[in-house]
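Enquirer: Just dropping this structure here.
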Amino acid sequence: MLKPLLTFVFISITILSGSAQTYLLTGQVTDEQGKPVPFASIYPKDAARAGTSANSEGIFKLSLPAGTHELVVRSVGYKQAIKPVTVDGNEHLQVTLLAEAYLLDEVVIGNGEDPAYAIIRQAIRQRKRHLNEATPYTANVYIKGVQRLLQAPKKFLGVDIDQIGREIGLDSNRTGIVYLSESESHITVGPPDDFREEMISSKFSGNNRAFSFNRAADLKLNFYENNQPIFDGLSPRPFVSPIADNAFSYYRYRLLGTTEENGLTIHKIEVTPRRKGEPLYQGNIYIMDDLWRIYGVNLQLTKASSINILDTLDIRQEFIPIESGQWQPSSIRFDFVGGLLGFRIGGYFAAVYSDYETNPAIEKGSFNEVLRITEGVNKRDSAYWATHRPLLLTEEERLDYIRKDSLQRRRESKPYLDSLDRVSNRLKPQQLLTGYTYRNRANRSALSFDGLATSLLFNSVEGLALNYGMRYSRQVDTVLNRNFTLYGNIRYGFANQRLNGYAGTSFPLGKSFFHFYGGSNVQDMNNRGSLPPLFNTISTTLFGRNYLKLYERTFGSAEWRYMLPANITVTASAGWENRLWLPNSTDYTFWGSNKRHLTSNNPLMPTEDVPLFPENQAFEVSLGLIYDFGTKYETYPHRRVYLPSPWPSLSLSYTKGVPQVLGSDVDYDLLMARLHKTDIGLGLYGRMAFDVRAGSFLNDKSIYYADYRHFKGTRTLISDQQSTTFLLLDYYQHSTSGNFVEAHGEYNLSTLLTGKVPLLRKLKLNEIIGLHYLHTPGLKHYGEVHAGLEWQRVRVIYARSFGSHVGPGGKQAIRIGLRLF
């Protein structure tokens, strides 16, 4: 789950409490030097669930009934203050918090072990009890996030950042707020894992139709869990809690002192990682004596924790007692700074929980819906937010709403959109090579043309070939973001002088999605797409290794897709095609000595250029069923989105080659099943993925090579390695018309080993171990193992095969993988 760079999603939560006889109390929280204390918690002593939080400037407001109240004001690192206040009108309160004085008994020091270790042992012993003791509860949540661009280059990859900055409301230095959003939610929690959120209101600076990215679920940061993933993309491994069962293997502790607060003895303990490069926190954790609960945390993640994009992430969390003796978060705050490629960002997400209620009535199955956003939650006016916003806006934030609302109205006007199009649609000479897109923003459409540089390819069948495409797309459903698409392609081989072309269209219709296409094309005999044309071009011209084998296909097809309730997808397709084998038409290579390596276009008879199959026609129909086993979903206006299931996905498909229809020569039945799962989290030990497929030709009365079951192989040093790619298998030799079983598994250790090596730590290399297996009537039992390192989308792998088969490349090889998709 990585959203755009400037949209890290965290949460801030707060409360409104009021009745018919309430007044507004405003105030500011400062320290001894008069500096604001941001995000301090303020709540009545006798009603902790009806509190609020100060904003980033220490300013707060709180609705209270008339009368005398005692307000508790808290912030991590400061001594709690209790302020009496009499409310009989709109009052203003000034609160000064003193730095907390934690006293350290020097007598206990020098016994060999710091007293912090005994306290942490008690906290670890009670961890599971505190994790599981919580009863179901509900709470209201106010969420606020602010992200700023702190630095940006004037241009980036030829793009004028100054111009973009003006369009999104940045100042002349290309700095300012790029994300400001607020939301209110009501959450229902069934500890430890069940969670449901209903968004009540949403406000997004610069887009009054968008919904806030803030999600209460993203703030489920529970230090009673052994580890915390925080959010996708921040680290390849989750972070180890300072009170995890194995915390002593990861952290050192030092008691900084003890204080008394609300009749509780609070220990302040410094947490220090034992090693760099591990997913570990540093900072302070506050533990209650006797209860051994967490009272608050002030922790930090840095580059030493192997985090990505960000330089630092500061986490502050406070807890308050609620009914039934539970302690739940009263607030949480994330402050972050980071950068990439000359851009620097910073900001915060602050959160305050309020109106806790325990043991609510919960309907059976209600936790299947994890998020609900209904129509109109983003239509609240300024008067609503003025009364419901507990975290007051700073002056900068207030002006950002005004400025961005004005910019939005301007950006959505047709004259403005047309002016952008006039600039962006100017054809530049280099776009003839790289590709060109003509946009019409007013009607949400675009027409794209391929570049000549990306359209040229070479193979021994066509010689130099032009494979040129264009595509028209228009958004027809702004709510579901669905498009009508029309595309076309022409292909000409200069050596064999054959011209091909095809066109197609896809579009939504109700809950269905349709795809129609037809024409002719030159296609890989292995329909699994093992060898990208670019790799074959390099292999053929430079080394004389023309691995790609092609045939000409004239076709017409229709496809339909529909999602049933319970997260079941149904697919159906029907198509006719004529298949024509093609001979080689050129033996060109850059170096004449490499011509001896060239083979025919018949992969089963590489030394003889004879047809692999006669010209034939086929009419085929297919039915498919995909079940993700997922029951959890998110509800948005006009749509439901199912979430990835923790269980594997199951796919079933049946393909029938129908004889005598439109001259069809084929007659076969193929039944296939697939069970697969990616990104199986193993906590600190990385993640796994597997893919198992099996199939059987129930009938093979009349079948041609193009109808066989093919497998992804590799014969080039550099390849597009997918999870289902065999690294030493030929592309065409082992395709089958019989029963088959194909299995793949991979274990990614996610820097578990390389993170411990200082010279490799900064590279963030993932360790990869894999296993592949294939059974066919001809191949019997074939397997591969591989091991290597992965950086970004590049991997270097050592592969070795086992079994009776030895491929043309031998039993072992080094492969360089590029994840192209």
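A note on labels: chains of the structure tokens are A, B, ... as shown, every chain counts residues from 1, and ligands are counted from 1 in their shown order.
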Report as a PyMOL selection string all protein, DNA and RNA residues lying within 12 Å of Gly296 in chain A, evaluated on only C-alpha atoms, omitting residues in the same chain fewer than 2 positions from it.

Expert: chain A and resi 74-78+222-223+266-269+283-288+292-294+298-299+315-320+327-333

Enquirer: Write out as a PyMOL selection string the residues lying within 9 Å of range 628-630 of chain A, counting only C-alpha atoms and excluding same-chain residues fewer than 4 positions away.

Expert: chain A and resi 566-569+642-651

Enquirer: With a distance cut-off of 8 Å and only C-alpha atoms, select the neighbouring residues of range 233-236 of chain A, excluding the residue or stretch itself and same-chain residues fewer than 6 positions from it, and output the selection as a list in words.

Expert: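 Contacts, in chain order: Met1, Leu2, Pro279, Ser306, Ile307, Asn308, Ile309, Leu310, Gly686, Ser750 and Thr751 of chain A.
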
Enquirer: Separation of CA of Tyr668 in chain A and CA of Asn699 in chain A, in Å?

Expert: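 Between CA of Tyr668 in chain A and CA of Asn699 in chain A the gap works out to 4.8 Å.
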
Enquirer: Range 156-211 of chain A: which residues are helix (DSSP H, G or I) by DSSP, as a list in words?

Expert: Ile161, Asp162, Gln163, Ile164, Gly165, Arg166, Glu167 and Ile168 of chain A

Enquirer: Pick out each residue of range 731-800 of chain A that DSSP on the backbone tags as strand (DSSP E); I need them as JSON, numbers by chain.

Expert: {"A": [740, 741, 742, 743, 744, 745, 746, 747, 748, 766, 767, 768, 769, 770, 771, 772, 773, 774, 775, 776, 780, 781, 782, 783, 784, 785, 786, 787, 788, 789, 790, 791, 794, 795, 796, 797, 798, 799, 800]}

Enquirer: Which residues are near range 378-395 of chain A? Cut-off 6 Å, only C-alpha atoms, ignore same chain within fewer than 2 positions. Put them as a list in words.

Expert: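 Close residues of range 378-395 of chain A: Asn55, Ser201, Ser202, Lys203, Gly376, Glu397 and Arg398 of chain A.
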
Enquirer: For a quick check of understanding, using only C-alpha atoms, which of A:Tyr436, A:Phe555, A:Phe248, A:Phe726 has the smallest distance to Leu774 in chain A?

Expert: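 For Leu774 in chain A, the nearest of the given residues is A:Phe726.
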
Enquirer: At what distance in Å, to one decimal, does CA of Ala99 in chain A lie from CA of Asp311 in chain A?

Expert: 27.1 Å

Enquirer: Do you have the CA of Asn483 in chain A-CA of Thr631 in chain A distance handy?

Expert: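 Separation of CA of Asn483 in chain A and CA of Thr631 in chain A: 27.3 Å.
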
Enquirer: Near Ser702 in chain A, counting only C-alpha atoms, which residues have an atom at most 8 Å away, once you skip same-chain residues fewer than 5 positions from it, shown as a PyMOL selection string?

Expert: chain A and resi 665-668

Enquirer: Just C-alpha atoms for this one: save the residues we selected as a PDB file, in the first residue's frame.

Expert:
```pdb
ATOM      1  CA  ASP A 665     -10.395 -27.429 -36.651  1.00  0.00           C
ATOM      2  CA  VAL A 666      -9.955 -27.901 -32.891  1.00  0.00           C
ATOM      3  CA  ASP A 667     -11.735 -30.211 -30.495  1.00  0.00           C
ATOM      4  CA  TYR A 668     -10.437 -30.222 -26.932  1.00  0.00           C
TER       5      TYR A 668
END
```

Enquirer: Show me, as a list of chain:residue names, the residues that have an atom within 10 Å of Thr374 in chain A when counting only C-alpha atoms, minus same-chain residues fewer than 5 positions from it.

Expert: A:Glu198, A:Met199, A:Ile200, A:Ser201, A:Thr635, A:Tyr636, A:Pro637, A:His638

Enquirer: Can I get the selection written as a compact mmCIF listing (two decimals), in the first residue's frame, with all heavy atoms?

Expert:
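Writing the result to selection16.txt gives the following:
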```
# COMPACT_ATOMS: atom_id res chain seq x y z
N GLU A 198 -16.85 4.14 10.47
CA GLU A 198 -17.82 4.85 9.64
C GLU A 198 -17.44 6.33 9.62
O GLU A 198 -17.42 6.99 10.66
CB GLU A 198 -19.23 4.68 10.15
CG GLU A 198 -20.25 5.39 9.28
CD GLU A 198 -21.69 5.11 9.68
OE1 GLU A 198 -21.90 4.37 10.66
OE2 GLU A 198 -22.60 5.62 9.01
N MET A 199 -17.13 6.83 8.45
CA MET A 199 -16.75 8.23 8.32
C MET A 199 -17.99 9.10 8.39
O MET A 199 -18.97 8.89 7.66
CB MET A 199 -15.99 8.46 7.01
CG MET A 199 -15.39 9.85 6.90
SD MET A 199 -14.31 10.06 5.44
CE MET A 199 -12.87 9.13 5.98
N ILE A 200 -17.96 10.08 9.27
CA ILE A 200 -19.10 10.96 9.49
C ILE A 200 -18.97 12.24 8.66
O ILE A 200 -19.95 12.75 8.11
CB ILE A 200 -19.23 11.31 10.98
CG1 ILE A 200 -19.43 10.03 11.80
CG2 ILE A 200 -20.36 12.29 11.23
CD1 ILE A 200 -19.28 10.23 13.29
N SER A 201 -17.76 12.75 8.58
CA SER A 201 -17.53 13.97 7.81
C SER A 201 -16.11 13.95 7.27
O SER A 201 -15.24 13.30 7.83
CB SER A 201 -17.76 15.22 8.68
OG SER A 201 -16.88 15.21 9.79
N THR A 635 -17.10 0.15 1.99
CA THR A 635 -18.25 0.66 1.27
C THR A 635 -18.07 2.15 0.98
O THR A 635 -17.84 2.94 1.89
CB THR A 635 -19.55 0.46 2.07
OG1 THR A 635 -19.72 -0.94 2.34
CG2 THR A 635 -20.75 0.96 1.29
N TYR A 636 -18.14 2.50 -0.30
CA TYR A 636 -18.08 3.88 -0.74
C TYR A 636 -19.40 4.21 -1.45
O TYR A 636 -20.16 3.29 -1.79
CB TYR A 636 -16.92 4.09 -1.71
CG TYR A 636 -15.56 3.82 -1.11
CD1 TYR A 636 -15.02 2.54 -1.13
CD2 TYR A 636 -14.82 4.83 -0.51
CE1 TYR A 636 -13.78 2.27 -0.57
CE2 TYR A 636 -13.58 4.58 0.04
CZ TYR A 636 -13.06 3.31 0.01
OH TYR A 636 -11.84 3.04 0.57
N PRO A 637 -19.68 5.48 -1.67
CA PRO A 637 -20.88 5.80 -2.45
C PRO A 637 -20.86 5.07 -3.80
O PRO A 637 -19.89 5.19 -4.56
CB PRO A 637 -20.79 7.32 -2.64
CG PRO A 637 -20.00 7.79 -1.47
CD PRO A 637 -19.00 6.71 -1.21
N HIS A 638 -21.86 4.25 -4.05
CA HIS A 638 -22.06 3.57 -5.33
C HIS A 638 -21.14 2.38 -5.56
O HIS A 638 -21.12 1.83 -6.66
CB HIS A 638 -21.90 4.54 -6.52
CG HIS A 638 -22.64 5.83 -6.36
ND1 HIS A 638 -24.01 5.89 -6.30
CD2 HIS A 638 -22.20 7.11 -6.21
CE1 HIS A 638 -24.40 7.15 -6.14
NE2 HIS A 638 -23.31 7.91 -6.07
```

Enquirer: With range 136-139 of chain A as the partner and 7 Å as the cut-off, tabulate the residues of range 311-415 of chain A that qualify, each row holding the nearest pair of atoms and their distance in Å to one decimal, using only C-alpha atoms, sorted by chain and rising number, as a tab-separated table.

Expert:
```
residue	atom	partner	partner_atom	distance
A:Tyr353	CA	A:Ala139	CA	6.6
A:Ser354	CA	A:Ala139	CA	5.8
A:Asp355	CA	A:Ala139	CA	5.2
A:Tyr356	CA	A:Ala139	CA	4.5
A:Glu357	CA	A:Thr138	CA	5.3
A:Thr358	CA	A:Tyr137	CA	4.2
A:Asn359	CA	A:Pro136	CA	5.1
A:Pro360	CA	A:Tyr137	CA	6.1
```

Enquirer: For the selection just defined, write its residues with N, CA, C and O atoms to a file, as an mmCIF file, in the first residue's frame.

Expert:
```
data_model
loop_
_atom_site.group_PDB
_atom_site.id
_atom_site.type_symbol
_atom_site.label_atom_id
_atom_site.label_comp_id
_atom_site.auth_asym_id
_atom_site.auth_seq_id
_atom_site.Cartn_x
_atom_site.Cartn_y
_atom_site.Cartn_z
ATOM 1 N N TYR A 353 -8.792 10.489 20.665
ATOM 2 C CA TYR A 353 -9.963 9.620 20.781
ATOM 3 C C TYR A 353 -10.903 10.201 21.825
ATOM 4 O O TYR A 353 -10.455 10.718 22.843
ATOM 5 N N SER A 354 -12.198 10.054 21.609
ATOM 6 C CA SER A 354 -13.149 10.601 22.571
ATOM 7 C C SER A 354 -14.427 9.762 22.591
ATOM 8 O O SER A 354 -14.660 8.919 21.733
ATOM 9 N N ASP A 355 -15.259 10.055 23.595
ATOM 10 C CA ASP A 355 -16.568 9.408 23.753
ATOM 11 C C ASP A 355 -16.471 7.881 23.714
ATOM 12 O O ASP A 355 -17.230 7.206 23.018
ATOM 13 N N TYR A 356 -15.536 7.353 24.498
ATOM 14 C CA TYR A 356 -15.435 5.896 24.607
ATOM 15 C C TYR A 356 -16.684 5.331 25.274
ATOM 16 O O TYR A 356 -17.165 5.855 26.276
ATOM 17 N N GLU A 357 -17.202 4.254 24.743
ATOM 18 C CA GLU A 357 -18.275 3.487 25.376
ATOM 19 C C GLU A 357 -17.921 2.012 25.270
ATOM 20 O O GLU A 357 -17.599 1.520 24.179
ATOM 21 N N THR A 358 -17.992 1.308 26.389
ATOM 22 C CA THR A 358 -17.592 -0.096 26.408
ATOM 23 C C THR A 358 -18.797 -1.006 26.297
ATOM 24 O O THR A 358 -19.921 -0.646 26.622
ATOM 25 N N ASN A 359 -18.521 -2.217 25.799
ATOM 26 C CA ASN A 359 -19.526 -3.283 25.662
ATOM 27 C C ASN A 359 -20.783 -2.830 24.935
ATOM 28 O O ASN A 359 -21.902 -3.013 25.403
ATOM 29 N N PRO A 360 -20.642 -2.231 23.751
ATOM 30 C CA PRO A 360 -21.835 -1.854 22.983
ATOM 31 C C PRO A 360 -22.473 -3.087 22.354
ATOM 32 O O PRO A 360 -21.847 -4.153 22.251
#
```

Enquirer: Show me, as a ChimeraX atom specification, the residues that have an atom within 10 Å of Ala503 in chain A when counting only C-alpha atoms, minus same-chain residues fewer than 4 positions from it.

Expert: /A:469-471,486-490,516-520,556

Enquirer: Generate the output file for the selected residues, N, CA and C atoms, as a short mmCIF file (atom, residue, chain, number, x, y, z; two decimals), in the first residue's frame.

Expert:
```
data_model
loop_
_atom_site.label_atom_id
_atom_site.label_comp_id
_atom_site.auth_asym_id
_atom_site.auth_seq_id
_atom_site.Cartn_x
_atom_site.Cartn_y
_atom_site.Cartn_z
N GLY A 469 1.26 1.65 -31.84
CA GLY A 469 -0.09 1.65 -31.30
C GLY A 469 -0.55 3.03 -30.90
N MET A 470 -1.87 3.16 -30.78
CA MET A 470 -2.48 4.39 -30.28
C MET A 470 -3.67 4.01 -29.41
N ARG A 471 -4.07 4.95 -28.54
CA ARG A 471 -5.08 4.61 -27.55
C ARG A 471 -5.89 5.86 -27.20
N LEU A 486 -10.61 2.87 -26.43
CA LEU A 486 -10.55 2.42 -27.81
C LEU A 486 -9.08 2.41 -28.21
N TYR A 487 -8.59 1.31 -28.77
CA TYR A 487 -7.17 1.23 -29.09
C TYR A 487 -6.98 0.56 -30.44
N GLY A 488 -5.83 0.79 -31.01
CA GLY A 488 -5.48 0.18 -32.29
C GLY A 488 -3.99 0.00 -32.41
N ASN A 489 -3.58 -0.91 -33.31
CA ASN A 489 -2.17 -1.22 -33.47
C ASN A 489 -1.91 -1.66 -34.90
N ILE A 490 -0.81 -1.19 -35.48
CA ILE A 490 -0.36 -1.69 -36.78
C ILE A 490 1.05 -2.24 -36.62
N PHE A 516 -14.00 -6.06 -26.47
CA PHE A 516 -14.11 -6.61 -27.81
C PHE A 516 -12.86 -6.22 -28.60
N TYR A 517 -12.31 -7.16 -29.35
CA TYR A 517 -11.11 -6.86 -30.12
C TYR A 517 -11.00 -7.83 -31.29
N GLY A 518 -10.29 -7.39 -32.34
CA GLY A 518 -10.12 -8.23 -33.52
C GLY A 518 -9.13 -7.64 -34.49
N GLY A 519 -8.66 -8.49 -35.43
CA GLY A 519 -7.69 -8.08 -36.43
C GLY A 519 -6.65 -9.16 -36.61
N SER A 520 -5.40 -8.77 -36.81
CA SER A 520 -4.32 -9.75 -36.96
C SER A 520 -3.07 -9.21 -36.30
N GLY A 556 -10.86 -12.62 -33.75
CA GLY A 556 -11.95 -11.79 -33.26
C GLY A 556 -12.45 -12.39 -31.96
#
```
